[in-house]
>>> print(open('entry21.cif').read())   # mmCIF, C-alpha atoms
data_work
#
loop_
_atom_site.label_atom_id
_atom_site.label_comp_id
_atom_site.auth_asym_id
_atom_site.auth_seq_id
_atom_site.Cartn_x
_atom_site.Cartn_y
_atom_site.Cartn_z
CA MET P 20 -29.20 -18.18 -17.97
CA ASN P 21 -26.95 -17.85 -21.02
CA PHE P 22 -23.87 -15.62 -21.39
CA LEU P 23 -25.78 -12.71 -22.97
CA GLU P 24 -28.59 -12.81 -20.41
CA GLU P 25 -25.98 -12.77 -17.64
CA ARG P 26 -24.32 -9.72 -19.19
CA ILE P 27 -27.67 -7.94 -19.56
CA VAL P 28 -28.45 -8.56 -15.87
CA LYS P 29 -24.97 -7.41 -14.84
CA ASN P 30 -24.66 -4.27 -16.97
CA GLY P 31 -28.06 -3.50 -18.51
CA ILE P 32 -30.24 -0.70 -17.17
CA VAL P 33 -34.03 -0.77 -17.39
CA LYS P 34 -35.57 2.63 -18.05
CA GLU P 35 -39.17 3.84 -18.21
CA GLY P 36 -40.94 3.25 -21.50
CA ASN P 37 -39.67 -0.32 -21.96
CA ILE P 38 -36.15 0.85 -22.74
CA LEU P 39 -33.26 -1.52 -22.02
CA LYS P 40 -30.01 0.40 -21.96
CA VAL P 41 -27.08 -1.82 -22.98
CA ASP P 42 -24.78 0.87 -24.30
CA SER P 43 -21.88 -0.15 -22.03
CA PHE P 44 -21.32 -3.36 -24.02
CA LEU P 45 -23.61 -3.70 -27.05
CA ASN P 46 -24.47 -0.52 -28.91
CA HIS P 47 -22.20 2.36 -27.89
CA GLN P 48 -19.16 0.85 -26.21
CA LEU P 49 -18.66 -2.49 -27.94
CA ASP P 50 -17.49 -5.68 -26.22
CA VAL P 51 -15.84 -7.49 -29.12
CA ASP P 52 -15.22 -10.66 -27.07
CA LEU P 53 -18.95 -10.81 -26.33
CA PHE P 54 -19.69 -10.33 -30.05
CA ASP P 55 -17.32 -13.20 -30.79
CA ARG P 56 -19.26 -15.46 -28.41
CA MET P 57 -22.46 -14.35 -30.11
CA GLY P 58 -20.95 -15.28 -33.48
CA ILE P 59 -20.01 -18.73 -32.19
CA GLU P 60 -23.57 -19.25 -30.93
CA TRP P 61 -25.21 -18.11 -34.19
CA ALA P 62 -22.79 -20.31 -36.16
CA LYS P 63 -24.11 -23.28 -34.13
CA ARG P 64 -27.75 -22.27 -34.57
CA PHE P 65 -27.39 -21.77 -38.32
CA GLU P 66 -25.09 -24.74 -38.93
CA GLY P 67 -25.81 -26.31 -42.30
CA VAL P 68 -27.77 -23.27 -43.54
CA GLU P 69 -26.47 -21.78 -46.77
CA ILE P 70 -25.32 -18.21 -46.10
CA ASN P 71 -23.10 -16.10 -48.34
CA LYS P 72 -23.83 -12.62 -47.02
CA ILE P 73 -24.82 -10.85 -43.81
CA LEU P 74 -27.14 -7.84 -43.90
CA THR P 75 -27.65 -5.39 -41.06
CA ILE P 76 -28.79 -1.82 -40.58
CA GLU P 77 -26.72 1.13 -39.42
CA ALA P 78 -25.49 1.91 -36.92
CA SER P 79 -25.74 -0.45 -33.95
CA GLY P 80 -25.88 -3.65 -35.99
CA ILE P 81 -22.64 -3.02 -37.88
CA GLY P 82 -20.15 -3.89 -35.13
CA ILE P 83 -21.97 -7.08 -34.20
CA ALA P 84 -22.41 -8.15 -37.83
CA CYS P 85 -18.72 -7.63 -38.65
CA VAL P 86 -17.52 -9.86 -35.81
CA VAL P 87 -20.22 -12.46 -36.52
CA ALA P 88 -19.27 -12.52 -40.22
CA ARG P 89 -15.86 -13.95 -39.30
CA HIS P 90 -17.63 -17.11 -38.11
CA PHE P 91 -19.43 -17.50 -41.43
CA GLY P 92 -16.59 -16.33 -43.70
CA VAL P 93 -18.88 -13.94 -45.58
CA PRO P 94 -19.04 -10.18 -46.25
CA VAL P 95 -21.32 -7.75 -44.42
CA VAL P 96 -23.61 -5.28 -46.18
CA PHE P 97 -25.37 -2.63 -44.14
CA ALA P 98 -28.44 -0.63 -45.01
CA LYS P 99 -27.68 3.08 -44.79
CA LYS P 100 -30.18 5.44 -43.22
CA SER P 101 -29.31 8.33 -45.48
CA LYS P 102 -28.05 8.78 -49.00
CA SER P 103 -24.51 10.13 -49.18
CA VAL P 104 -22.43 11.49 -52.05
CA ASN P 105 -20.40 8.28 -52.28
CA LEU P 106 -23.51 6.17 -53.02
CA ASP P 107 -23.99 5.79 -56.73
CA GLY P 108 -26.03 3.64 -59.07
CA GLU P 109 -29.35 1.98 -58.42
CA MET P 110 -30.59 1.34 -54.89
CA TYR P 111 -33.01 -0.85 -53.04
CA THR P 112 -34.99 1.16 -50.50
CA ALA P 113 -37.42 0.49 -47.67
CA GLU P 114 -39.04 2.67 -45.03
CA VAL P 115 -38.41 1.59 -41.44
CA GLU P 116 -39.67 2.96 -38.16
CA SER P 117 -37.35 2.98 -35.15
CA PHE P 118 -38.85 2.04 -31.78
CA THR P 119 -35.90 3.56 -29.92
CA HIS P 120 -35.60 6.81 -31.87
CA LYS P 121 -39.34 7.24 -32.56
CA ASN P 122 -38.75 8.20 -36.18
CA LYS P 123 -38.94 6.81 -39.71
CA ASN P 124 -36.01 6.40 -42.08
CA VAL P 125 -35.70 5.28 -45.64
CA VAL P 126 -32.89 2.73 -45.65
CA ILE P 127 -30.77 2.16 -48.73
CA VAL P 128 -28.68 -0.71 -50.09
CA SER P 129 -26.80 -0.45 -53.37
CA LYS P 130 -27.98 -2.98 -55.95
CA LYS P 131 -24.36 -3.92 -56.67
CA PHE P 132 -24.01 -5.52 -53.21
CA LEU P 133 -27.15 -7.67 -53.13
CA ASN P 134 -28.45 -9.92 -55.91
CA LYS P 135 -30.65 -12.92 -56.69
CA ASP P 136 -27.89 -15.41 -55.87
CA ASP P 137 -27.45 -14.20 -52.29
CA LYS P 138 -28.47 -16.29 -49.28
CA VAL P 139 -28.67 -13.67 -46.55
CA LEU P 140 -28.39 -13.86 -42.77
CA ILE P 141 -29.81 -10.73 -41.14
CA ILE P 142 -28.05 -9.69 -37.91
CA ASP P 143 -29.18 -6.90 -35.59
CA ASP P 144 -28.88 -5.81 -31.98
CA PHE P 145 -32.55 -5.42 -31.00
CA LEU P 146 -35.96 -6.62 -32.10
CA ALA P 147 -38.96 -4.71 -30.75
CA ASN P 148 -41.80 -4.06 -33.20
CA GLY P 149 -40.12 -5.75 -36.18
CA CYS P 150 -40.20 -2.73 -38.51
CA ALA P 151 -36.44 -2.68 -39.16
CA LEU P 152 -36.44 -6.41 -39.94
CA GLN P 153 -39.41 -6.07 -42.26
CA GLY P 154 -37.54 -3.30 -44.10
CA LEU P 155 -34.44 -5.48 -44.49
CA ILE P 156 -36.57 -8.43 -45.63
CA SER P 157 -38.20 -6.14 -48.20
CA ILE P 158 -34.78 -5.14 -49.54
CA ILE P 159 -33.72 -8.80 -49.79
CA ASN P 160 -36.95 -9.60 -51.62
CA GLN P 161 -36.46 -6.66 -54.00
CA ALA P 162 -33.05 -8.11 -54.87
CA GLY P 163 -34.57 -11.52 -55.56
CA ALA P 164 -32.26 -12.92 -52.88
CA SER P 165 -33.39 -15.21 -50.06
CA VAL P 166 -33.45 -14.82 -46.29
CA SER P 167 -31.49 -17.74 -44.81
CA GLY P 168 -32.20 -16.65 -41.26
CA ILE P 169 -32.27 -13.81 -38.75
CA GLY P 170 -30.02 -13.43 -35.71
CA ILE P 171 -31.03 -10.94 -33.02
CA ALA P 172 -29.00 -10.19 -29.91
CA ILE P 173 -31.91 -9.02 -27.72
CA GLU P 174 -35.58 -9.54 -28.52
CA LYS P 175 -38.25 -7.74 -26.54
CA GLY P 176 -40.60 -10.69 -26.26
CA PHE P 177 -43.35 -8.56 -24.74
CA GLN P 178 -43.62 -6.66 -28.04
CA ASN P 179 -45.01 -8.25 -31.19
CA GLY P 180 -42.03 -8.03 -33.57
CA GLY P 181 -40.69 -11.53 -32.93
CA GLN P 182 -44.10 -13.12 -33.36
CA ILE P 183 -44.71 -11.19 -36.60
CA ILE P 184 -41.38 -12.33 -38.08
CA ARG P 185 -41.86 -15.95 -36.97
CA ASN P 186 -45.41 -15.94 -38.40
CA MET P 187 -43.89 -14.87 -41.73
CA GLY P 188 -42.03 -18.20 -41.68
CA TYR P 189 -38.48 -17.01 -41.03
CA LYS P 190 -35.93 -18.81 -38.86
CA LEU P 191 -35.39 -16.25 -36.09
CA GLU P 192 -32.70 -16.92 -33.50
CA SER P 193 -32.64 -14.41 -30.63
CA LEU P 194 -29.86 -14.94 -28.11
CA ALA P 195 -31.83 -13.29 -25.29
CA ILE P 196 -35.59 -12.81 -25.21
CA VAL P 197 -36.80 -10.37 -22.56
CA ASP P 198 -40.34 -11.26 -21.45
CA SER P 199 -40.68 -8.38 -18.98
CA MET P 200 -38.77 -5.50 -17.45
CA ASP P 201 -39.52 -3.36 -14.42
CA ALA P 202 -37.94 0.10 -14.39
CA SER P 203 -38.77 0.62 -10.70
CA THR P 204 -36.87 -2.50 -9.55
CA GLY P 205 -34.53 -3.06 -12.50
CA GLU P 206 -35.76 -6.66 -12.73
CA ILE P 207 -35.54 -8.39 -16.11
CA LYS P 208 -37.27 -11.70 -16.85
CA PHE P 209 -36.04 -13.79 -19.75
CA ARG P 210 -37.92 -16.38 -21.78
CA ASP P 211 -36.65 -19.93 -21.40
CA GLN P 212 -35.18 -21.16 -24.66
CA ILE P 213 -34.37 -24.73 -25.63
#
>>> encode(input="entry21.cif", output="structure tokens")
Amino acid sequence: MNFLEERIVKNGIVKEGNILKVDSFLNHQLDVDLFDRMGIEWAKRFEGVEINKILTIEASGIGIACVVARHFGVPVVFAKKSKSVNLDGEMYTAEVESFTHKNKNVVIVSKKFLNKDDKVLIIDDFLANGCALQGLISIINQAGASVSGIGIAIEKGFQNGGQIIRNMGYKLESLAIVDSMDASTGEIKFRDQI
């Protein structure tokens, strides 16, 4: 069991509806030391891969991406879920559906922060159905940039998102892949990774 799986077992809570609550360390209260270890691990897994930018989606991915970016020495761009008055100029947009929030959002990235020369590492906290990742990939493609890889903290392996993204040919590195969860017992089974 790796460091993230151990933390999930220790502090994660399994809820009905295939919900894994990790808000005490990953997506509400943030354990920056844990994020740093995640950054070290992704730096190993993507060693030798050309990356000059990290892209994530608000809000839960931002904290992780910022700490991880220190290990790659690159800036972070995040897709916004709503247009605000301080966004100006042309935008890339994509519609994404949230498994957790059961809604759709149009996410936005300013064209001035993503271009054809960018080699992008996508970082996010969860992967369930893959809709958010497909939206970010669409934005990268619109920019003419390339996806260098995808780093996910927790992948729900019992849902099809990971398989969809891998079938598209992307290098996807999930630090913990949950194969099953039982809300009645709290048991979590992880996929063995090499």
>>> resolve_selection(input="entry21.cif", expression="the PyMOL selection byres ((chain P and resi 84-87) around 10)", output="VMD selection string")
chain P and resid 51 to 62 73 to 76 79 to 83 88 to 97 140 to 144 170
>>> write_last_selection(input="entry21.cif", atoms="C-alpha atoms", output="PDB file, keeping the file's coordinate frame")
ATOM      1  CA  VAL P  51     -15.840  -7.490 -29.120  1.00  0.00           C
ATOM      2  CA  ASP P  52     -15.220 -10.660 -27.070  1.00  0.00           C
ATOM      3  CA  LEU P  53     -18.950 -10.810 -26.330  1.00  0.00           C
ATOM      4  CA  PHE P  54     -19.690 -10.330 -30.050  1.00  0.00           C
ATOM      5  CA  ASP P  55     -17.320 -13.200 -30.790  1.00  0.00           C
ATOM      6  CA  ARG P  56     -19.260 -15.460 -28.410  1.00  0.00           C
ATOM      7  CA  MET P  57     -22.460 -14.350 -30.110  1.00  0.00           C
ATOM      8  CA  GLY P  58     -20.950 -15.280 -33.480  1.00  0.00           C
ATOM      9  CA  ILE P  59     -20.010 -18.730 -32.190  1.00  0.00           C
ATOM     10  CA  GLU P  60     -23.570 -19.250 -30.930  1.00  0.00           C
ATOM     11  CA  TRP P  61     -25.210 -18.110 -34.190  1.00  0.00           C
ATOM     12  CA  ALA P  62     -22.790 -20.310 -36.160  1.00  0.00           C
ATOM     13  CA  ILE P  73     -24.820 -10.850 -43.810  1.00  0.00           C
ATOM     14  CA  LEU P  74     -27.140  -7.840 -43.900  1.00  0.00           C
ATOM     15  CA  THR P  75     -27.650  -5.390 -41.060  1.00  0.00           C
ATOM     16  CA  ILE P  76     -28.790  -1.820 -40.580  1.00  0.00           C
ATOM     17  CA  SER P  79     -25.740  -0.450 -33.950  1.00  0.00           C
ATOM     18  CA  GLY P  80     -25.880  -3.650 -35.990  1.00  0.00           C
ATOM     19  CA  ILE P  81     -22.640  -3.020 -37.880  1.00  0.00           C
ATOM     20  CA  GLY P  82     -20.150  -3.890 -35.130  1.00  0.00           C
ATOM     21  CA  ILE P  83     -21.970  -7.080 -34.200  1.00  0.00           C
ATOM     22  CA  ALA P  88     -19.270 -12.520 -40.220  1.00  0.00           C
ATOM     23  CA  ARG P  89     -15.860 -13.950 -39.300  1.00  0.00           C
ATOM     24  CA  HIS P  90     -17.630 -17.110 -38.110  1.00  0.00           C
ATOM     25  CA  PHE P  91     -19.430 -17.500 -41.430  1.00  0.00           C
ATOM     26  CA  GLY P  92     -16.590 -16.330 -43.700  1.00  0.00           C
ATOM     27  CA  VAL P  93     -18.880 -13.940 -45.580  1.00  0.00           C
ATOM     28  CA  PRO P  94     -19.040 -10.180 -46.250  1.00  0.00           C
ATOM     29  CA  VAL P  95     -21.320  -7.750 -44.420  1.00  0.00           C
ATOM     30  CA  VAL P  96     -23.610  -5.280 -46.180  1.00  0.00           C
ATOM     31  CA  PHE P  97     -25.370  -2.630 -44.140  1.00  0.00           C
ATOM     32  CA  LEU P 140     -28.390 -13.860 -42.770  1.00  0.00           C
ATOM     33  CA  ILE P 141     -29.810 -10.730 -41.140  1.00  0.00           C
ATOM     34  CA  ILE P 142     -28.050  -9.690 -37.910  1.00  0.00           C
ATOM     35  CA  ASP P 143     -29.180  -6.900 -35.590  1.00  0.00           C
ATOM     36  CA  ASP P 144     -28.880  -5.810 -31.980  1.00  0.00           C
ATOM     37  CA  GLY P 170     -30.020 -13.430 -35.710  1.00  0.00           C
TER      38      GLY P 170
END
>>> closest_atom_pairs(input="entry21.cif", of="stretch 116-180 of chain P", to="stretch 27-45 of chain P", cutoff="10 Å", atoms="only C-alpha atoms", output="CSV")
residue,atom,partner,partner_atom,distance
P:Phe118,CA,P:Ile38,CA,9.5
P:Thr119,CA,P:Ile38,CA,7.7
P:Asp144,CA,P:Leu45,CA,7.5
P:Phe145,CA,P:Leu39,CA,9.8
P:Ala147,CA,P:Asn37,CA,9.9
P:Ala172,CA,P:Leu45,CA,8.9
P:Ile173,CA,P:Ile27,CA,9.3
P:Lys175,CA,P:Asn37,CA,8.8
P:Phe177,CA,P:Asn37,CA,9.4
P:Gln178,CA,P:Asn37,CA,9.6
>>> closest_residue(input="entry21.cif", among="P:Asn186, P:Asn134, P:Gln212, P:Ser203", to="P:Asn71", atoms="all atoms listed in the file")
P:Asn134
>>> resolve_selection(input="entry21.cif", expression="the PyMOL selection byres ((chain P and resi 151) around 10)", output="ChimeraX atom specification")
/P:75-76,113-118,123-124,126,143,145-150,152-157,180
>>> closest_residue(input="entry21.cif", among="P:Ser101, P:Lys138, P:Gly176, P:Asp211", to="P:Asp198", atoms="all atoms listed in the file")
P:Gly176
>>> resolve_selection(input="entry21.cif", expression="the PyMOL selection byres ((chain P and resi 163) around 12)", output="MDAnalysis selection string")
chainID P and resid 111 130 133:139 156:162 164:166
>>> atom_distance(input="entry21.cif", atom1="atom CA of P:Asn46", atom2="atom CA of P:Gly188")
28.0 Å
>>> atom_distance(input="entry21.cif", atom1="atom CA of P:Gln48", atom2="atom CA of P:Ala78")
12.5 Å
